[in-house]
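**Student:** Just protein.cif, nothing more (mmCIF, N, CA and C atoms):
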```cif
data_query
loop_
_atom_site.label_atom_id
_atom_site.label_comp_id
_atom_site.auth_asym_id
_atom_site.auth_seq_id
_atom_site.Cartn_x
_atom_site.Cartn_y
_atom_site.Cartn_z
N MET A 1 -58.90 31.66 34.64
CA MET A 1 -58.45 30.31 34.40
C MET A 1 -59.59 29.31 34.57
N ARG A 2 -60.63 29.68 35.30
CA ARG A 2 -61.68 28.71 35.58
C ARG A 2 -62.52 28.39 34.34
N ARG A 3 -62.64 29.35 33.43
CA ARG A 3 -63.43 29.13 32.23
C ARG A 3 -62.82 28.03 31.34
N PRO A 4 -61.52 28.09 31.00
CA PRO A 4 -60.94 27.01 30.19
C PRO A 4 -60.95 25.66 30.89
N VAL A 5 -60.79 25.66 32.21
CA VAL A 5 -60.81 24.38 32.94
C VAL A 5 -62.19 23.73 32.82
N ALA A 6 -63.24 24.52 32.97
CA ALA A 6 -64.60 23.97 32.86
C ALA A 6 -64.88 23.45 31.46
N ILE A 7 -64.39 24.16 30.45
CA ILE A 7 -64.63 23.72 29.07
C ILE A 7 -63.82 22.46 28.76
N VAL A 8 -62.59 22.39 29.22
CA VAL A 8 -61.79 21.18 29.02
C VAL A 8 -62.42 20.00 29.76
N THR A 9 -62.91 20.24 30.96
CA THR A 9 -63.60 19.19 31.72
C THR A 9 -64.80 18.67 30.93
N ALA A 10 -65.56 19.57 30.36
CA ALA A 10 -66.73 19.16 29.58
C ALA A 10 -66.32 18.33 28.37
N LEU A 11 -65.29 18.76 27.66
CA LEU A 11 -64.83 18.02 26.48
C LEU A 11 -64.32 16.63 26.86
N VAL A 12 -63.61 16.54 27.96
CA VAL A 12 -63.11 15.23 28.41
C VAL A 12 -64.27 14.32 28.80
N LEU A 13 -65.27 14.87 29.47
CA LEU A 13 -66.43 14.06 29.85
C LEU A 13 -67.22 13.61 28.62
N PHE A 14 -67.32 14.47 27.60
CA PHE A 14 -67.99 14.06 26.36
C PHE A 14 -67.22 12.92 25.69
N GLY A 15 -65.91 13.03 25.65
CA GLY A 15 -65.09 11.96 25.07
C GLY A 15 -65.20 10.67 25.86
N GLU A 16 -65.23 10.80 27.18
CA GLU A 16 -65.38 9.61 28.02
C GLU A 16 -66.74 8.96 27.81
N ALA A 17 -67.77 9.76 27.60
CA ALA A 17 -69.11 9.21 27.34
C ALA A 17 -69.11 8.36 26.07
N VAL A 18 -68.47 8.87 25.04
CA VAL A 18 -68.38 8.10 23.79
C VAL A 18 -67.61 6.81 24.02
N GLY A 19 -66.50 6.90 24.75
CA GLY A 19 -65.70 5.71 25.03
C GLY A 19 -66.46 4.66 25.82
N ILE A 20 -67.21 5.09 26.83
CA ILE A 20 -67.98 4.15 27.65
C ILE A 20 -69.04 3.46 26.82
N VAL A 21 -69.73 4.21 25.97
CA VAL A 21 -70.76 3.60 25.12
C VAL A 21 -70.12 2.60 24.16
N LEU A 22 -68.98 2.95 23.57
CA LEU A 22 -68.32 2.02 22.65
C LEU A 22 -67.83 0.76 23.35
N ILE A 23 -67.25 0.91 24.53
CA ILE A 23 -66.78 -0.26 25.27
C ILE A 23 -67.94 -1.18 25.62
N ASN A 24 -69.05 -0.61 26.07
CA ASN A 24 -70.20 -1.44 26.40
C ASN A 24 -70.83 -2.05 25.16
N ALA A 25 -70.76 -1.36 24.03
CA ALA A 25 -71.26 -1.94 22.79
C ALA A 25 -70.44 -3.17 22.40
N VAL A 26 -69.12 -3.06 22.54
CA VAL A 26 -68.26 -4.21 22.22
C VAL A 26 -68.56 -5.36 23.18
N LEU A 27 -68.67 -5.06 24.47
CA LEU A 27 -68.96 -6.12 25.45
C LEU A 27 -70.31 -6.78 25.18
N ALA A 28 -71.32 -5.98 24.85
CA ALA A 28 -72.65 -6.54 24.56
C ALA A 28 -72.62 -7.42 23.31
N THR A 29 -71.88 -6.98 22.31
CA THR A 29 -71.79 -7.77 21.07
C THR A 29 -71.06 -9.07 21.31
N VAL A 30 -69.99 -9.01 22.06
CA VAL A 30 -69.24 -10.24 22.36
C VAL A 30 -70.08 -11.19 23.18
N ALA A 31 -70.77 -10.69 24.19
CA ALA A 31 -71.62 -11.56 25.02
C ALA A 31 -72.72 -12.21 24.19
N GLU A 32 -73.26 -11.46 23.24
CA GLU A 32 -74.33 -12.02 22.40
C GLU A 32 -73.78 -13.02 21.39
N ASN A 33 -72.67 -12.70 20.74
CA ASN A 33 -72.13 -13.59 19.71
C ASN A 33 -71.55 -14.87 20.30
N GLN A 34 -70.99 -14.81 21.48
CA GLN A 34 -70.39 -15.99 22.10
C GLN A 34 -71.39 -16.79 22.92
N ASN A 35 -72.62 -16.31 23.00
CA ASN A 35 -73.66 -16.97 23.79
C ASN A 35 -73.21 -17.14 25.24
N MET A 36 -72.60 -16.11 25.79
CA MET A 36 -72.10 -16.16 27.16
C MET A 36 -73.25 -15.96 28.14
N SER A 37 -73.12 -16.64 29.27
CA SER A 37 -74.09 -16.43 30.33
C SER A 37 -73.37 -16.50 31.67
N LEU A 38 -73.98 -15.93 32.66
CA LEU A 38 -73.42 -15.91 34.00
C LEU A 38 -74.42 -16.57 34.93
N ALA A 39 -74.03 -17.71 35.51
CA ALA A 39 -74.90 -18.45 36.44
C ALA A 39 -76.24 -18.79 35.81
N GLY A 40 -76.22 -19.16 34.53
CA GLY A 40 -77.43 -19.59 33.85
C GLY A 40 -78.32 -18.47 33.35
N MET A 41 -77.86 -17.22 33.44
CA MET A 41 -78.67 -16.10 32.95
C MET A 41 -78.73 -16.15 31.42
N ASP A 42 -79.84 -15.71 30.88
CA ASP A 42 -80.03 -15.70 29.44
C ASP A 42 -79.01 -14.77 28.78
N PRO A 43 -78.30 -15.22 27.73
CA PRO A 43 -77.33 -14.35 27.05
C PRO A 43 -77.95 -13.08 26.47
N ALA A 44 -79.19 -13.17 26.04
CA ALA A 44 -79.85 -11.97 25.51
C ALA A 44 -80.07 -10.94 26.62
N ALA A 45 -80.37 -11.41 27.83
CA ALA A 45 -80.55 -10.50 28.95
C ALA A 45 -79.22 -9.84 29.32
N MET A 46 -78.14 -10.60 29.26
CA MET A 46 -76.83 -10.02 29.55
C MET A 46 -76.46 -8.98 28.51
N SER A 47 -76.73 -9.26 27.28
CA SER A 47 -76.43 -8.31 26.21
C SER A 47 -77.28 -7.05 26.36
N ALA A 48 -78.57 -7.21 26.63
CA ALA A 48 -79.46 -6.06 26.80
C ALA A 48 -79.04 -5.23 28.02
N GLY A 49 -78.65 -5.89 29.10
CA GLY A 49 -78.20 -5.18 30.29
C GLY A 49 -76.94 -4.39 30.04
N THR A 50 -76.03 -4.96 29.26
CA THR A 50 -74.80 -4.25 28.94
C THR A 50 -75.08 -3.04 28.07
N TRP A 51 -75.97 -3.18 27.10
CA TRP A 51 -76.36 -2.03 26.28
C TRP A 51 -76.99 -0.94 27.14
N ALA A 52 -77.88 -1.35 28.05
CA ALA A 52 -78.55 -0.37 28.91
C ALA A 52 -77.55 0.35 29.82
N MET A 53 -76.62 -0.40 30.38
CA MET A 53 -75.62 0.20 31.26
C MET A 53 -74.74 1.19 30.49
N GLY A 54 -74.37 0.83 29.28
CA GLY A 54 -73.57 1.74 28.47
C GLY A 54 -74.32 3.01 28.12
N GLY A 55 -75.59 2.86 27.77
CA GLY A 55 -76.39 4.02 27.42
C GLY A 55 -76.62 4.95 28.59
N VAL A 56 -76.96 4.39 29.75
CA VAL A 56 -77.21 5.21 30.93
C VAL A 56 -75.92 5.89 31.40
N SER A 57 -74.82 5.14 31.39
CA SER A 57 -73.54 5.74 31.79
C SER A 57 -73.14 6.86 30.85
N GLY A 58 -73.33 6.65 29.57
CA GLY A 58 -73.02 7.68 28.58
C GLY A 58 -73.88 8.91 28.76
N LEU A 59 -75.17 8.72 29.02
CA LEU A 59 -76.06 9.87 29.22
C LEU A 59 -75.69 10.66 30.49
N LEU A 60 -75.32 9.94 31.54
CA LEU A 60 -74.92 10.64 32.77
C LEU A 60 -73.63 11.43 32.56
N LEU A 61 -72.69 10.87 31.82
CA LEU A 61 -71.45 11.60 31.55
C LEU A 61 -71.71 12.81 30.66
N VAL A 62 -72.63 12.68 29.71
CA VAL A 62 -73.00 13.83 28.87
C VAL A 62 -73.68 14.90 29.73
N LEU A 63 -74.53 14.50 30.67
CA LEU A 63 -75.16 15.45 31.57
C LEU A 63 -74.11 16.21 32.39
N CYS A 64 -73.14 15.48 32.94
CA CYS A 64 -72.06 16.14 33.70
C CYS A 64 -71.26 17.07 32.80
N GLY A 65 -71.00 16.65 31.58
CA GLY A 65 -70.27 17.49 30.64
C GLY A 65 -71.05 18.75 30.28
N LEU A 66 -72.36 18.61 30.12
CA LEU A 66 -73.19 19.79 29.81
C LEU A 66 -73.19 20.79 30.97
N ILE A 67 -73.24 20.28 32.19
CA ILE A 67 -73.21 21.17 33.35
C ILE A 67 -71.90 21.94 33.39
N ALA A 68 -70.79 21.24 33.17
CA ALA A 68 -69.48 21.91 33.17
C ALA A 68 -69.36 22.88 31.99
N LEU A 69 -69.88 22.49 30.82
CA LEU A 69 -69.81 23.37 29.65
C LEU A 69 -70.63 24.64 29.85
N ILE A 70 -71.81 24.50 30.40
CA ILE A 70 -72.65 25.68 30.65
C ILE A 70 -71.98 26.59 31.67
N ALA A 71 -71.38 26.00 32.70
CA ALA A 71 -70.67 26.82 33.69
C ALA A 71 -69.51 27.55 33.03
N GLY A 72 -68.80 26.89 32.12
CA GLY A 72 -67.68 27.52 31.44
C GLY A 72 -68.11 28.61 30.47
N ILE A 73 -69.19 28.38 29.76
CA ILE A 73 -69.66 29.38 28.80
C ILE A 73 -70.20 30.61 29.52
N ARG A 74 -71.01 30.39 30.56
CA ARG A 74 -71.58 31.51 31.29
C ARG A 74 -70.59 32.14 32.27
N ASP A 75 -69.55 31.41 32.60
CA ASP A 75 -68.55 31.82 33.60
C ASP A 75 -69.23 32.10 34.94
N ARG A 76 -70.18 31.24 35.27
CA ARG A 76 -70.88 31.29 36.56
C ARG A 76 -70.91 29.89 37.14
N ALA A 77 -70.96 29.82 38.45
CA ALA A 77 -71.01 28.53 39.13
C ALA A 77 -72.31 27.81 38.79
N PRO A 78 -72.26 26.49 38.67
CA PRO A 78 -73.49 25.74 38.47
C PRO A 78 -74.38 25.85 39.71
N GLY A 79 -75.65 25.63 39.53
CA GLY A 79 -76.59 25.68 40.64
C GLY A 79 -76.37 24.54 41.61
N ARG A 80 -77.21 24.48 42.62
CA ARG A 80 -77.06 23.44 43.64
C ARG A 80 -77.17 22.04 43.05
N ALA A 81 -78.16 21.82 42.20
CA ALA A 81 -78.31 20.49 41.58
C ALA A 81 -77.12 20.17 40.69
N GLY A 82 -76.64 21.14 39.95
CA GLY A 82 -75.48 20.93 39.09
C GLY A 82 -74.23 20.59 39.89
N ARG A 83 -74.04 21.28 41.02
CA ARG A 83 -72.89 20.97 41.87
C ARG A 83 -73.00 19.56 42.44
N ILE A 84 -74.21 19.16 42.83
CA ILE A 84 -74.41 17.81 43.36
C ILE A 84 -74.09 16.77 42.31
N VAL A 85 -74.52 16.99 41.08
CA VAL A 85 -74.23 16.06 39.99
C VAL A 85 -72.73 15.98 39.74
N LEU A 86 -72.04 17.11 39.71
CA LEU A 86 -70.59 17.10 39.48
C LEU A 86 -69.85 16.45 40.64
N ILE A 87 -70.30 16.66 41.87
CA ILE A 87 -69.68 16.00 43.02
C ILE A 87 -69.88 14.49 42.94
N GLY A 88 -71.08 14.07 42.57
CA GLY A 88 -71.33 12.64 42.39
C GLY A 88 -70.46 12.04 41.30
N CYS A 89 -70.28 12.77 40.22
CA CYS A 89 -69.41 12.31 39.13
C CYS A 89 -67.97 12.20 39.60
N ALA A 90 -67.53 13.15 40.42
CA ALA A 90 -66.16 13.11 40.96
C ALA A 90 -65.98 11.91 41.88
N VAL A 91 -66.97 11.64 42.72
CA VAL A 91 -66.88 10.48 43.63
C VAL A 91 -66.82 9.18 42.83
N VAL A 92 -67.65 9.07 41.81
CA VAL A 92 -67.64 7.86 40.97
C VAL A 92 -66.29 7.69 40.29
N HIS A 93 -65.71 8.77 39.81
CA HIS A 93 -64.39 8.68 39.16
C HIS A 93 -63.32 8.26 40.17
N GLY A 94 -63.42 8.73 41.41
CA GLY A 94 -62.47 8.33 42.42
C GLY A 94 -62.57 6.85 42.75
N VAL A 95 -63.78 6.36 42.91
CA VAL A 95 -63.98 4.93 43.22
C VAL A 95 -63.57 4.06 42.04
N LEU A 96 -64.00 4.44 40.84
CA LEU A 96 -63.63 3.65 39.67
C LEU A 96 -62.13 3.70 39.41
N GLY A 97 -61.49 4.82 39.74
CA GLY A 97 -60.04 4.90 39.61
C GLY A 97 -59.35 3.91 40.50
N ALA A 98 -59.84 3.76 41.73
CA ALA A 98 -59.26 2.79 42.65
C ALA A 98 -59.47 1.36 42.16
N VAL A 99 -60.61 1.10 41.55
CA VAL A 99 -60.89 -0.25 41.03
C VAL A 99 -60.07 -0.55 39.79
N THR A 100 -59.86 0.45 38.94
CA THR A 100 -59.16 0.19 37.67
C THR A 100 -57.69 -0.11 37.85
N VAL A 101 -57.10 0.27 38.98
CA VAL A 101 -55.69 -0.05 39.18
C VAL A 101 -55.48 -1.56 39.10
N GLY A 102 -56.30 -2.30 39.80
CA GLY A 102 -56.15 -3.74 39.81
C GLY A 102 -56.65 -4.43 38.56
N LEU A 103 -57.72 -3.90 37.96
CA LEU A 103 -58.32 -4.58 36.83
C LEU A 103 -57.71 -4.22 35.48
N VAL A 104 -57.39 -2.94 35.30
CA VAL A 104 -56.94 -2.48 33.98
C VAL A 104 -55.46 -2.09 34.00
N GLY A 105 -55.06 -1.34 35.01
CA GLY A 105 -53.66 -0.93 35.09
C GLY A 105 -53.52 0.53 35.46
N TRP A 106 -52.25 0.94 35.56
CA TRP A 106 -51.95 2.28 36.03
C TRP A 106 -52.31 3.37 35.03
N SER A 107 -52.30 3.07 33.75
CA SER A 107 -52.65 4.11 32.77
C SER A 107 -54.13 4.47 32.89
N ALA A 108 -54.98 3.49 33.10
CA ALA A 108 -56.40 3.78 33.30
C ALA A 108 -56.61 4.53 34.61
N PHE A 109 -55.85 4.16 35.63
CA PHE A 109 -55.93 4.88 36.90
C PHE A 109 -55.52 6.34 36.71
N ALA A 110 -54.46 6.58 35.97
CA ALA A 110 -53.99 7.94 35.73
C ALA A 110 -55.05 8.75 34.99
N PHE A 111 -55.71 8.14 34.01
CA PHE A 111 -56.77 8.84 33.29
C PHE A 111 -57.92 9.19 34.22
N MET A 112 -58.35 8.23 35.03
CA MET A 112 -59.47 8.48 35.94
C MET A 112 -59.12 9.57 36.95
N MET A 113 -57.87 9.58 37.41
CA MET A 113 -57.47 10.61 38.37
C MET A 113 -57.33 11.98 37.70
N ALA A 114 -56.97 11.99 36.43
CA ALA A 114 -56.91 13.26 35.70
C ALA A 114 -58.32 13.84 35.54
N VAL A 115 -59.29 12.99 35.22
CA VAL A 115 -60.67 13.46 35.11
C VAL A 115 -61.18 13.91 36.48
N LEU A 116 -60.84 13.15 37.51
CA LEU A 116 -61.22 13.54 38.87
C LEU A 116 -60.63 14.90 39.21
N GLY A 117 -59.38 15.10 38.87
CA GLY A 117 -58.73 16.39 39.12
C GLY A 117 -59.40 17.53 38.38
N LEU A 118 -59.79 17.30 37.13
CA LEU A 118 -60.50 18.34 36.38
C LEU A 118 -61.85 18.66 37.01
N LEU A 119 -62.56 17.63 37.45
CA LEU A 119 -63.85 17.87 38.09
C LEU A 119 -63.70 18.65 39.39
N VAL A 120 -62.72 18.27 40.19
CA VAL A 120 -62.51 18.96 41.46
C VAL A 120 -62.06 20.40 41.21
N LEU A 121 -61.18 20.58 40.23
CA LEU A 121 -60.72 21.94 39.92
C LEU A 121 -61.87 22.81 39.42
N THR A 122 -62.76 22.23 38.64
CA THR A 122 -63.94 22.98 38.18
C THR A 122 -64.83 23.36 39.35
N LEU A 123 -65.05 22.41 40.26
CA LEU A 123 -65.90 22.69 41.42
C LEU A 123 -65.27 23.73 42.34
N VAL A 124 -63.98 23.62 42.56
CA VAL A 124 -63.31 24.54 43.48
C VAL A 124 -63.20 25.94 42.87
N SER A 125 -62.92 26.01 41.58
CA SER A 125 -62.75 27.33 40.96
C SER A 125 -64.06 28.09 40.89
N TYR A 126 -65.18 27.39 40.85
CA TYR A 126 -66.48 28.06 40.87
C TYR A 126 -67.10 28.01 42.26
N GLY A 127 -66.27 27.85 43.29
CA GLY A 127 -66.76 27.81 44.66
C GLY A 127 -67.19 29.17 45.14
N PRO A 128 -67.54 29.25 46.42
CA PRO A 128 -67.98 30.55 46.95
C PRO A 128 -66.84 31.56 46.91
N GLU A 129 -67.21 32.81 46.70
CA GLU A 129 -66.21 33.88 46.62
C GLU A 129 -65.56 34.05 47.98
N SER A 130 -64.41 34.68 48.00
CA SER A 130 -63.70 34.87 49.27
C SER A 130 -64.52 35.76 50.19
N ARG A 131 -64.40 35.51 51.47
CA ARG A 131 -65.20 36.24 52.45
C ARG A 131 -64.30 37.09 53.33
N THR A 132 -63.28 37.68 52.74
CA THR A 132 -62.36 38.51 53.53
C THR A 132 -63.04 39.76 54.04
N ASP A 133 -64.03 40.26 53.30
CA ASP A 133 -64.74 41.46 53.77
C ASP A 133 -65.48 41.17 55.07
N ASP A 134 -66.09 39.98 55.17
CA ASP A 134 -66.81 39.63 56.38
C ASP A 134 -65.84 39.44 57.55
N ALA A 135 -64.69 38.85 57.28
CA ALA A 135 -63.73 38.57 58.35
C ALA A 135 -63.12 39.86 58.88
N VAL A 136 -62.89 40.84 58.01
CA VAL A 136 -62.26 42.09 58.43
C VAL A 136 -63.27 42.99 59.12
N GLY A 137 -64.49 42.88 58.73
CA GLY A 137 -65.50 43.73 59.35
C GLY A 137 -66.42 44.35 58.32
N GLY A 138 -65.99 44.37 57.07
CA GLY A 138 -66.83 44.84 55.98
C GLY A 138 -67.25 46.28 56.15
N ASP A 139 -68.57 46.53 56.18
CA ASP A 139 -69.11 47.88 56.23
C ASP A 139 -69.29 48.41 57.66
N LYS A 140 -69.03 47.60 58.65
CA LYS A 140 -69.25 48.04 60.03
C LYS A 140 -68.22 49.09 60.41
N ALA A 141 -68.68 50.06 61.11
CA ALA A 141 -67.77 51.11 61.58
C ALA A 141 -67.10 50.66 62.88
N ALA A 142 -65.89 51.11 63.07
CA ALA A 142 -65.17 50.76 64.28
C ALA A 142 -65.79 51.47 65.47
N PRO A 143 -65.77 50.85 66.65
CA PRO A 143 -66.35 51.51 67.82
C PRO A 143 -65.53 52.77 68.19
N ALA A 144 -66.20 53.75 68.70
CA ALA A 144 -65.54 55.01 69.06
C ALA A 144 -64.69 54.80 70.30
N ALA A 145 -63.55 55.47 70.32
CA ALA A 145 -62.65 55.40 71.47
C ALA A 145 -63.21 56.22 72.62
N VAL A 146 -63.13 55.74 73.82
CA VAL A 146 -63.68 56.44 74.98
C VAL A 146 -62.58 57.08 75.77
#
```
Give the structure from this file in structure tokens form.

**Tutor:**
Amino acid sequence: MRRPVAIVTALVLFGEAVGIVLINAVLATVAENQNMSLAGMDPAAMSAGTWAMGGVSGLLLVLCGLIALIAGIRDRAPGRAGRIVLIGCAVVHGVLGAVTVGLVGWSAFAFMMAVLGLLVLTLVSYGPESRTDDAVGGDKAAPAAV
């Protein structure tokens, strides 16, 4: 079951990356066309910053999606750096989910929590293998009765 979960997680992250880039593109275009500024900041700087934020966010989501996709294709756990990136992505989705309740609404919160759930399920399903052999005693022989 872990292989399909990782692949679905990757596909959702790829879709989210496209959505984030498109939303930031719309925001940058609106800020530029309306000549909007914040506290006297240059509108061109605001537009450029929004484009940069959208691009960087999209690239990071694509990176997270690639890590999950590679884990799903190989059916092996991601390496230490890959796990750290996926954990960071999960934390960001949790924080942004909490923020979106007030700003956007419950449907956006539900989406963010669904992505968070997929990320956590991917991380947990590729976690360390069970250690029941170590707990039972594994290869050690029982002590001889005296």

**Student:** Could you jot down the atom CA of A:Cys64 to atom CA of A:Ser125 separation for me, Å, one decimal place?

**Tutor:** 16.3 Å

**Student:** Enclose the full set of atoms of stretch 59-75 of chain A listed in the file within a box whose edges lie along x, y and z, apply 8 Å of padding to each of the six sides, and report centre and edge lengths in Å to one decimal as JSON.

**Tutor:**
```
{"center_x": -71.9, "center_y": 20.4, "center_z": 31.9, "size_x": 24.4, "size_y": 39.4, "size_z": 22.1}
```

**Student:** Quick one: pull the distance between atom CA of A:Gly105 and atom CA of A:Cys89, Å, one decimal.

**Tutor:** 21.0 Å

**Student:** Record the distance separating atom CA of A:Val12 and atom CA of A:Ala68, expressed in Å with one decimal.

**Tutor:**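 According to the coordinates, atom CA of A:Val12 and atom CA of A:Ala68 are separated by 10.4 Å.
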
**Student:** Which is closer to A:Gly94 than all the others in A:Leu61, A:Val124, A:Leu116, A:Ile70, using all atoms listed in the file?

**Tutor:**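 Closest candidate: A:Leu116.
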
**Student:** As a check of understanding, name the residues that the PyMOL selection byres ((chain A and resi 43-51) around 7) selects in the supplied structure, as a list in words.

**Tutor:**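 Evaluating the PyMOL selection byres ((chain A and resi 43-51) around 7) on this file yields Asn24, Ala25, Leu27, Ala28, Thr29, Ala31, Glu32, Asn35, Met36, Ser37, Leu38, Gly40, Met41, Asp42, Ala52, Met53, Gly54, Gly55 and Val56 of chain A.
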
**Student:** Give me the residues within 8 Å of A:Tyr126 as a ChimeraX atom specification, counting only N, CA and C atoms and dropping any in the same chain fewer than 3 places off.

**Tutor:** /A:2,75-78,120-123,129

**Student:** For A:Thr9, find every residue with an atom within 8 Å (counting all atoms listed in the file), except residues of its own chain fewer than 3 positions away, and show them as a ChimeraX atom specification.

**Tutor:** /A:3-6,12-15,64-66,68-69,115,118-119,122

**Student:** Enumerate, as a ChimeraX atom specification, the complete set of residues in stretch 14-129 of chain A that a backbone-based DSSP assignment places in alpha helix (DSSP H).

**Tutor:** /A:14-33,43-74,80-103,106-125

**Student:** Go through A:Ala71, A:Leu63, A:Ile23, A:Val30 one by one, measure the shortest atom-to-atom distance of each to A:Ile7 using only N, CA and C atoms, and give the residue with the smallest value.

**Tutor:**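 Between A:Ala71, A:Leu63, A:Ile23, A:Val30, the residue approaching A:Ile7 most closely is A:Ala71.
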
**Student:** Which protein, DNA or RNA residues have an atom at most 8 Å from (-57.5, 0.9, 37.2), counting only N, CA and C atoms? List them as a PyMOL selection string.

**Tutor:** chain A and resi 96-110+112

**Student:** Which is closer to A:Gly58 than all the others in A:Val8, A:Ala39, A:Met1, A:Leu22, using only N, CA and C atoms?

**Tutor:**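 Among the listed residues, A:Leu22 lies closest to A:Gly58.
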